Amino acid sequence: MSDMTTSMTPGSGGRTEQLLFHESTDHHPANGTLLGFWVYLMSDCLIFACLFAAYGVLGREYAGGPTAQEVLELPAVAVNTTLLLLSSITYGFAVLAMQRNRQNPMLVWLVITGLLGAGFITLELREFAHLISIGAGPQRSAFLSSFFTLVGTHGLHVTCGLIWMVVLITQVLKKGLITANKRRLLCLSMFWHFLDVVWVGVFSFVYLMGVLP
Amino acid sequence: MSAHDELHAHDDGHGHDDDLGIHATLSGYMTGFVLSVILTVIPFWLVMGHVITKSSTAAVIILALAAVQIVVHMIYFLHMNAKSEGGWNMLALVFTIVLVVITLSGSIWIMYHLNSNMMPSMMDPSNLP
């Protein structure tokens, strides 16, 4: 470090003390990746805020088409919420297994999490297919446009999370529980729990409040 | 760096998660899970069981429960606290919450007023000059 400082202050040959143009101690946190990923999640949060705002404005504009009460099915949403909540806690178990450096239990919990997430996506796609088949597609009304955009964007994030999970499982199988893989696992952990937080907003704001008379 | 990683991989896992910054515990995850199950079941029960007839009251309760559940998830699942990452996590979160509140309340407020000022008399073609 001191070599670098010297080389960065040309012409200070005669001086006894060095000129410091930079701070030689670390001010950033020790773990930059997790903080950077957190900042990404916060920017993602703003995307969802815009979509929620669009739904908040347009959610009751049915254009003579089907209303939220008619097309939203709460039992299916309850099952979906259960799946996502369970996948959150199973991911937690995977992180706990990782902390104790137990690779196989961690992989098992990761696979269970992935299956629960896949179940969530399957149910959501079936709901979308059903809506489109009864003529309540995104082109029908402003309500349905904003509904499909918001819920679809969340579903797309969950799909990306599933792909990431498959990649991570492959990486752990190839390289083991090295520090880089642990870091990736913690990033995906934040991503996954963040999606659960967004889903709390979706089922409360879109589904439960949507079907209120 | 990779040699460093390998070194960590073969350690027995005592105190080496310090560099990863997160200390998850089973009790923490279980507390969060039980709380979020309760906070999920109540609003579903309220709506599906038609417990509250007044829509506005139900909406306020649902939103309040959702807000509490989001805080629970933040603390127990996302391990948020004022000290993690030297406080920068919390700073980014607070900034985001401010932007989210402005976006949501601002959009809904302005568009509600635009709607009520535009409709339906001004939209009626016979009223146009």
# chains A, B, ... in the order shown; residues from 1 in each chain; ligands from 1
$ interface_residues --of "chain A" --to "chain B" --cutoff "6 Å" --atoms "only C-alpha atoms" --output "PyMOL selection string"
chain A and resi 29+49+53+57+178-179+190+197+209+212
$ write_last_selection --atoms "N, CA, C and O atoms" --output "tab-separated table (two decimals), in the first residue's frame"
chain	number	residue	atom	x	y	z
A	29	PRO	N	-17.81	-1.49	3.21
A	29	PRO	CA	-17.95	-2.68	4.05
A	29	PRO	C	-17.13	-3.85	3.50
A	29	PRO	O	-16.81	-3.89	2.31
A	49	ALA	N	-42.75	-0.83	-7.40
A	49	ALA	CA	-43.54	0.29	-6.90
A	49	ALA	C	-44.30	0.96	-8.04
A	49	ALA	O	-45.48	1.29	-7.90
A	53	ALA	N	-48.24	1.15	-8.44
A	53	ALA	CA	-48.93	2.44	-8.63
A	53	ALA	C	-49.86	2.36	-9.83
A	53	ALA	O	-51.00	2.84	-9.78
A	57	VAL	N	-53.92	2.80	-9.74
A	57	VAL	CA	-54.68	3.78	-10.52
A	57	VAL	C	-55.73	3.08	-11.40
A	57	VAL	O	-56.86	3.52	-11.51
A	178	ILE	N	-17.50	-23.65	-1.72
A	178	ILE	CA	-16.43	-22.67	-1.60
A	178	ILE	C	-17.04	-21.32	-1.25
A	178	ILE	O	-18.25	-21.12	-1.34
A	179	THR	N	-16.19	-20.36	-0.84
A	179	THR	CA	-16.69	-19.07	-0.40
A	179	THR	C	-17.50	-18.38	-1.49
A	179	THR	O	-18.53	-17.76	-1.21
A	190	MET	N	-31.29	-13.51	-0.64
A	190	MET	CA	-31.91	-12.18	-0.58
A	190	MET	C	-32.94	-12.01	-1.68
A	190	MET	O	-34.03	-11.51	-1.47
A	197	VAL	N	-41.45	-10.90	-0.24
A	197	VAL	CA	-41.93	-9.61	0.25
A	197	VAL	C	-42.84	-8.96	-0.79
A	197	VAL	O	-43.93	-8.46	-0.48
A	209	MET	N	-57.61	-7.04	-1.73
A	209	MET	CA	-58.34	-5.78	-1.84
A	209	MET	C	-59.13	-5.71	-3.13
A	209	MET	O	-60.13	-5.01	-3.22
A	212	LEU	N	-62.68	-7.14	-2.71
A	212	LEU	CA	-63.59	-6.46	-1.77
A	212	LEU	C	-64.69	-5.76	-2.58
A	212	LEU	O	-64.43	-5.19	-3.62
$ residues_around --residues "Arg183 in chain A" --least-positions-apart "3" --cutoff "8 Å" --atoms "only C-alpha atoms" --output "list in words"
Thr33, Leu34, Thr179, Ala180, Leu186 and Cys187 of chain A; Leu20 of chain B
$ residues_around --residues "Thr82 in chain A" --least-positions-apart "2" --cutoff "12 Å" --atoms "only C-alpha atoms" --output "ChimeraX atom specification"
/A:75-80,84-89,116-117,119-120,123,196,199-200,203 /B:33,36-38,40-41,44
$ write_last_selection --atoms "C-alpha atoms" --output "PDB file, in the first residue's frame"
ATOM      1  CA  PRO A  75     -58.388 -20.345  -3.001  1.00  0.00           C
ATOM      2  CA  ALA A  76     -55.779 -20.673  -5.774  1.00  0.00           C
ATOM      3  CA  VAL A  77     -54.015 -17.576  -4.472  1.00  0.00           C
ATOM      4  CA  ALA A  78     -54.041 -19.006  -0.952  1.00  0.00           C
ATOM      5  CA  VAL A  79     -52.325 -22.165  -2.228  1.00  0.00           C
ATOM      6  CA  ASN A  80     -49.815 -20.044  -4.152  1.00  0.00           C
ATOM      7  CA  LEU A  84     -44.042 -19.278  -1.686  1.00  0.00           C
ATOM      8  CA  LEU A  85     -44.005 -18.928   2.093  1.00  0.00           C
ATOM      9  CA  LEU A  86     -42.904 -22.560   2.496  1.00  0.00           C
ATOM     10  CA  SER A  87     -40.190 -22.032  -0.118  1.00  0.00           C
ATOM     11  CA  SER A  88     -38.918 -19.080   1.934  1.00  0.00           C
ATOM     12  CA  ILE A  89     -38.469 -21.163   5.059  1.00  0.00           C
ATOM     13  CA  LEU A 116     -42.054 -25.234  -4.374  1.00  0.00           C
ATOM     14  CA  GLY A 117     -41.156 -22.289  -6.614  1.00  0.00           C
ATOM     15  CA  GLY A 119     -45.295 -25.256  -8.200  1.00  0.00           C
ATOM     16  CA  PHE A 120     -45.978 -21.563  -7.663  1.00  0.00           C
ATOM     17  CA  LEU A 123     -50.305 -22.503 -10.644  1.00  0.00           C
ATOM     18  CA  ASP A 196     -41.718 -13.170  -1.087  1.00  0.00           C
ATOM     19  CA  TRP A 199     -45.754 -11.275  -3.149  1.00  0.00           C
ATOM     20  CA  VAL A 200     -47.061 -10.094   0.244  1.00  0.00           C
ATOM     21  CA  PHE A 203     -51.758 -10.845  -2.576  1.00  0.00           C
TER      22      PHE A 203
ATOM     23  CA  PHE B  33     -42.143 -18.175   9.496  1.00  0.00           C
ATOM     24  CA  SER B  36     -45.757 -14.540   8.589  1.00  0.00           C
ATOM     25  CA  VAL B  37     -48.140 -17.536   8.556  1.00  0.00           C
ATOM     26  CA  ILE B  38     -50.297 -15.795  11.157  1.00  0.00           C
ATOM     27  CA  THR B  40     -51.074 -14.264   6.025  1.00  0.00           C
ATOM     28  CA  VAL B  41     -53.933 -16.333   7.425  1.00  0.00           C
ATOM     29  CA  PHE B  44     -57.282 -14.313   3.876  1.00  0.00           C
TER      30      PHE B  44
END
$ select_by_dssp --residues "range 9-201 of chain A" --states "helix (DSSP H, G or I)" --output "PyMOL selection string"
chain A and resi 32-58+68-71+74-99+103-133+142-175+179-201
